[in-house]
Amino acid sequence: MAITASMVKELRERTGAGMMDCKKALQEANGDMEKAIDILREKGIAKAAKKSDRIAAEGLTAVAVQGNAACIVEVNSETDFVAKNEQFQSFVKDITEHLLSQRPTNVEEALEQPFKGEGAKLQDVLNEKIATIGENMNIRRFEILEKPEGNLFGQYLHMGGRIGVLVELANTTNEELAKDIAMQIAAARPTYVTRDQVDAKELEREREVLTAQALNEGKPENIVQKMVEGRLNKYYEEVCLVEQAFVKDPDKKVKDLLKAENAEVVRFVRYEVGEGIEKKADNFVEEVMAQTKKQ
């Protein structure tokens, strides 16, 4: 039986599943709409689609390193309960390995790839997990870094993956230093490595704010500029990794730590679960009861 665009549209509206999934289900069901719905439900696709509009702002970050390549990823779930679930944790690990081995350029491409290079697409496997675990889940973001031979990756996961950091160092083989720098990034949340990386517009905006603050404090104009430069140094200490006080020894700066090893931070990626996602304020008791009903 010929599958028309209107049939695919109707099935999409009734199940919320993707266009290609709907077309395949209709072909498998030989055009029978109700049977196609059952096929999508059996595959977990319809059930997953119904959950897709629910906010997933919890979850985990993970890091995998293989030779001269490394990957950091954030995978979200709706609740912290699921983030602590061994099945979810294992799936996040598998996703990280998939990304590292298949090297997609973005999430959309990753979802269309055969999972770990064989069998079902990652999107289908994700739908199955959503159906099994009972919550909306999504791969929010990832980054794959490749380093030259001789450079070193450092990684750190805080609170089991609530915060994940991947950092690349040059001119060192000191793995403890690499881990310490990753821990520093997790704790102190720098935006840049060095001062010269600070965005020019951002710096100018900060300078304008600090100037206005000094003038509002009634400071004479002839010393305002000197005050602003002093306060900019404080700003650099907040946003630039090498300018920060080392968290394990605040008497030292990170740049002193690196200088002692003749090491250099090339780049870093820091993910914190749910940052920037607007979360709904659920009642904790209601959340627990919702989870109980899924058991």
# chains A, B, ... in the order shown; residues from 1 in each chain; ligands from 1
$ residues_around --residues "A:Lys121" --least-positions-apart "3" --cutoff "12 Å" --atoms "only C-alpha atoms" --output "list of chain:residue names"
A:Asp21, A:Ile95, A:His98, A:Glu108, A:Glu109, A:Ala110, A:Leu111, A:Glu112, A:Gln113, A:Pro114, A:Phe115, A:Lys116, A:Gly117, A:Glu118, A:Asp124, A:Val125, A:Leu126, A:Asn127, A:Glu128
$ closest_atom_pairs --of "stretch 73-178 of chain A" --to "stretch 193-201 of chain A" --cutoff "12 Å" --atoms "only C-alpha atoms" --output "CSV"
residue,atom,partner,partner_atom,distance
A:Val167,CA,A:Val193,CA,10.5
A:Glu168,CA,A:Val193,CA,11.1
A:Leu169,CA,A:Val193,CA,11.3
$ write_last_selection --atoms "C-alpha atoms" --output "JSON list (two decimals), in the first residue's frame"
[["chain", "number", "residue", "atom", "x", "y", "z"],
["A", 167, "VAL", "CA", 41.86, 19.95, 29.96],
["A", 168, "GLU", "CA", 44.85, 19.73, 27.61],
["A", 169, "LEU", "CA", 48.37, 20.57, 28.84]]
$ closest_residue --among "A:Glu217, A:Glu208, A:Glu272, A:Glu149" --to "A:Ala62" --atoms "only C-alpha atoms"
A:Glu272
$ residues_around --residues "A:Val247" --least-positions-apart "3" --cutoff "8 Å" --atoms "only C-alpha atoms" --output "list in words"
Gln184, Ala187, Ala188 and Pro250 of chain A
$ residues_around --residues "stretch 231-236 of chain A" --least-positions-apart "5" --cutoff "8 Å" --atoms "only C-alpha atoms" --output "list of chain:residue names"
A:Arg195, A:Glu206, A:Arg207, A:Leu210, A:Glu243
$ atom_distance --atom1 "atom CA of A:Arg14" --atom2 "atom CA of A:Ile133"
22.4 Å
$ select_by_dssp --residues "stretch 94-279 of chain A" --states "alpha helix (DSSP H)" --output "ChimeraX atom specification"
/A:94-102,107-112,122-133,175-188,200-216,221-239,254-261
$ write_last_selection --atoms "C-alpha atoms" --output "CSV table (one decimal), in the first residue's frame"
chain,number,residue,atom,x,y,z
A,94,ASP,CA,28.4,3.9,26.3
A,95,ILE,CA,27.4,7.2,24.7
A,96,THR,CA,30.8,8.8,25.5
A,97,GLU,CA,32.6,5.8,23.9
A,98,HIS,CA,30.3,6.0,20.9
A,99,LEU,CA,31.1,9.7,20.4
A,100,LEU,CA,34.8,9.0,20.7
A,101,SER,CA,34.8,6.2,18.3
A,102,GLN,CA,32.4,7.6,15.7
A,107,VAL,CA,24.4,15.8,18.4
A,108,GLU,CA,22.1,15.5,15.4
A,109,GLU,CA,24.7,13.6,13.4
A,110,ALA,CA,25.5,11.4,16.5
A,111,LEU,CA,21.9,10.4,16.9
A,112,GLU,CA,21.7,9.2,13.3
A,122,LEU,CA,21.8,5.9,18.7
A,123,GLN,CA,18.4,7.7,18.5
A,124,ASP,CA,16.6,4.4,18.6
A,125,VAL,CA,18.7,3.1,21.5
A,126,LEU,CA,18.0,6.4,23.3
A,127,ASN,CA,14.3,6.0,22.7
A,128,GLU,CA,14.4,2.4,24.1
A,129,LYS,CA,16.2,3.7,27.3
A,130,ILE,CA,13.5,6.5,27.7
A,131,ALA,CA,10.8,3.8,27.5
A,132,THR,CA,12.6,1.5,29.9
A,133,ILE,CA,13.7,4.1,32.5
A,175,GLU,CA,49.4,13.5,35.3
A,176,GLU,CA,48.9,14.7,38.9
A,177,LEU,CA,49.3,18.3,37.7
A,178,ALA,CA,46.8,17.7,34.9
A,179,LYS,CA,44.3,16.4,37.4
A,180,ASP,CA,44.9,19.3,39.8
A,181,ILE,CA,44.3,21.8,37.0
A,182,ALA,CA,41.1,20.0,36.0
A,183,MET,CA,40.0,20.1,39.6
A,184,GLN,CA,40.8,23.8,39.7
A,185,ILE,CA,38.6,24.4,36.7
A,186,ALA,CA,35.8,22.5,38.2
A,187,ALA,CA,36.0,24.5,41.5
A,188,ALA,CA,36.8,28.0,40.3
A,200,ALA,CA,37.3,42.5,23.8
A,201,LYS,CA,33.7,43.5,24.0
A,202,GLU,CA,33.3,41.8,27.4
A,203,LEU,CA,36.4,43.5,28.7
A,204,GLU,CA,35.2,46.9,27.5
A,205,ARG,CA,31.8,46.4,29.1
A,206,GLU,CA,33.5,45.4,32.4
A,207,ARG,CA,35.7,48.6,32.2
A,208,GLU,CA,32.6,50.8,31.7
A,209,VAL,CA,30.8,49.2,34.7
A,210,LEU,CA,33.9,49.6,36.9
A,211,THR,CA,34.3,53.2,35.8
A,212,ALA,CA,30.7,54.0,36.5
A,213,GLN,CA,31.0,52.4,39.9
A,214,ALA,CA,34.1,54.4,40.8
A,215,LEU,CA,32.4,57.7,39.7
A,216,ASN,CA,29.3,56.9,41.6
A,221,GLU,CA,38.2,61.5,37.9
A,222,ASN,CA,42.0,61.8,38.0
A,223,ILE,CA,42.3,58.5,40.0
A,224,VAL,CA,39.3,56.7,38.5
A,225,GLN,CA,41.4,55.1,35.7
A,226,LYS,CA,44.0,53.8,38.1
A,227,MET,CA,41.2,52.3,40.3
A,228,VAL,CA,39.6,50.7,37.3
A,229,GLU,CA,42.8,49.0,36.3
A,230,GLY,CA,43.2,47.7,39.8
A,231,ARG,CA,39.7,46.3,39.8
A,232,LEU,CA,40.2,44.8,36.4
A,233,ASN,CA,43.0,42.7,37.9
A,234,LYS,CA,40.4,41.3,40.3
A,235,TYR,CA,38.2,40.5,37.3
A,236,TYR,CA,41.0,38.7,35.6
A,237,GLU,CA,41.6,36.6,38.7
A,238,GLU,CA,37.9,35.5,38.5
A,239,VAL,CA,37.7,34.6,34.8
A,254,VAL,CA,47.9,28.6,38.9
A,255,LYS,CA,50.4,30.2,36.7
A,256,ASP,CA,53.1,29.7,39.5
A,257,LEU,CA,52.1,26.0,39.5
A,258,LEU,CA,52.5,25.7,35.8
A,259,LYS,CA,55.7,27.7,35.7
A,260,ALA,CA,57.3,25.3,38.2
A,261,GLU,CA,56.7,22.5,35.7
$ residues_around --residues "A:Ala5" --least-positions-apart "2" --cutoff "12 Å" --atoms "only C-alpha atoms" --output "ChimeraX atom specification"
/A:2-3,7-12,19-20,22-23,26,31
$ write_last_selection --atoms "N, CA and C atoms" --output "short mmCIF file (atom, residue, chain, number, x, y, z; two decimals), in the first residue's frame"
data_model
loop_
_atom_site.label_atom_id
_atom_site.label_comp_id
_atom_site.auth_asym_id
_atom_site.auth_seq_id
_atom_site.Cartn_x
_atom_site.Cartn_y
_atom_site.Cartn_z
N ALA A 2 0.51 2.23 -0.81
CA ALA A 2 1.27 3.48 -0.88
C ALA A 2 1.09 4.29 0.39
N ILE A 3 2.19 4.76 0.93
CA ILE A 3 2.15 5.56 2.15
C ILE A 3 2.19 7.02 1.76
N MET A 7 -0.84 10.52 5.64
CA MET A 7 -0.82 9.40 6.61
C MET A 7 0.33 9.58 7.60
N VAL A 8 1.48 9.96 7.06
CA VAL A 8 2.64 10.20 7.93
C VAL A 8 2.35 11.35 8.89
N LYS A 9 1.72 12.41 8.37
CA LYS A 9 1.38 13.58 9.18
C LYS A 9 0.43 13.18 10.31
N GLU A 10 -0.59 12.39 9.99
CA GLU A 10 -1.56 11.97 11.02
C GLU A 10 -0.88 11.13 12.11
N LEU A 11 0.00 10.22 11.68
CA LEU A 11 0.69 9.37 12.66
C LEU A 11 1.61 10.20 13.55
N ARG A 12 2.26 11.19 12.96
CA ARG A 12 3.14 12.08 13.74
C ARG A 12 2.33 12.83 14.79
N MET A 19 9.29 11.90 11.63
CA MET A 19 8.71 11.63 10.31
C MET A 19 9.18 10.30 9.74
N MET A 20 10.49 10.05 9.78
CA MET A 20 11.02 8.82 9.21
C MET A 20 10.56 7.60 9.99
N CYS A 22 7.74 7.37 11.59
CA CYS A 22 6.33 7.17 11.24
C CYS A 22 6.18 6.50 9.87
N LYS A 23 6.99 6.95 8.92
CA LYS A 23 6.92 6.36 7.58
C LYS A 23 7.28 4.88 7.61
N LEU A 26 4.45 2.82 9.22
CA LEU A 26 3.33 2.66 8.31
C LEU A 26 3.65 1.64 7.21
N GLY A 31 0.20 0.30 5.99
CA GLY A 31 -0.78 1.38 5.97
C GLY A 31 -1.80 1.37 7.08
#
$ residues_around --residues "A:Lys253" --least-positions-apart "5" --cutoff "8 Å" --atoms "only C-alpha atoms" --output "ChimeraX atom specification"
/A:242-246
$ write_last_selection --atoms "N, CA and C atoms" --output "PDB file, in the first residue's frame"
ATOM      1  N   VAL A 242      44.840  30.971  34.709  1.00  0.00           N
ATOM      2  CA  VAL A 242      46.213  31.106  35.212  1.00  0.00           C
ATOM      3  C   VAL A 242      46.345  32.202  36.260  1.00  0.00           C
ATOM      4  N   GLU A 243      45.367  33.122  36.330  1.00  0.00           N
ATOM      5  CA  GLU A 243      45.421  34.211  37.305  1.00  0.00           C
ATOM      6  C   GLU A 243      44.797  33.821  38.644  1.00  0.00           C
ATOM      7  N   GLN A 244      44.114  32.692  38.690  1.00  0.00           N
ATOM      8  CA  GLN A 244      43.390  32.293  39.900  1.00  0.00           C
ATOM      9  C   GLN A 244      44.319  31.752  40.982  1.00  0.00           C
ATOM     10  N   ALA A 245      43.883  31.927  42.238  1.00  0.00           N
ATOM     11  CA  ALA A 245      44.579  31.290  43.358  1.00  0.00           C
ATOM     12  C   ALA A 245      44.324  29.794  43.262  1.00  0.00           C
ATOM     13  N   PHE A 246      45.359  28.989  43.471  1.00  0.00           N
ATOM     14  CA  PHE A 246      45.236  27.538  43.370  1.00  0.00           C
ATOM     15  C   PHE A 246      44.395  27.030  44.542  1.00  0.00           C
TER      16      PHE A 246
END
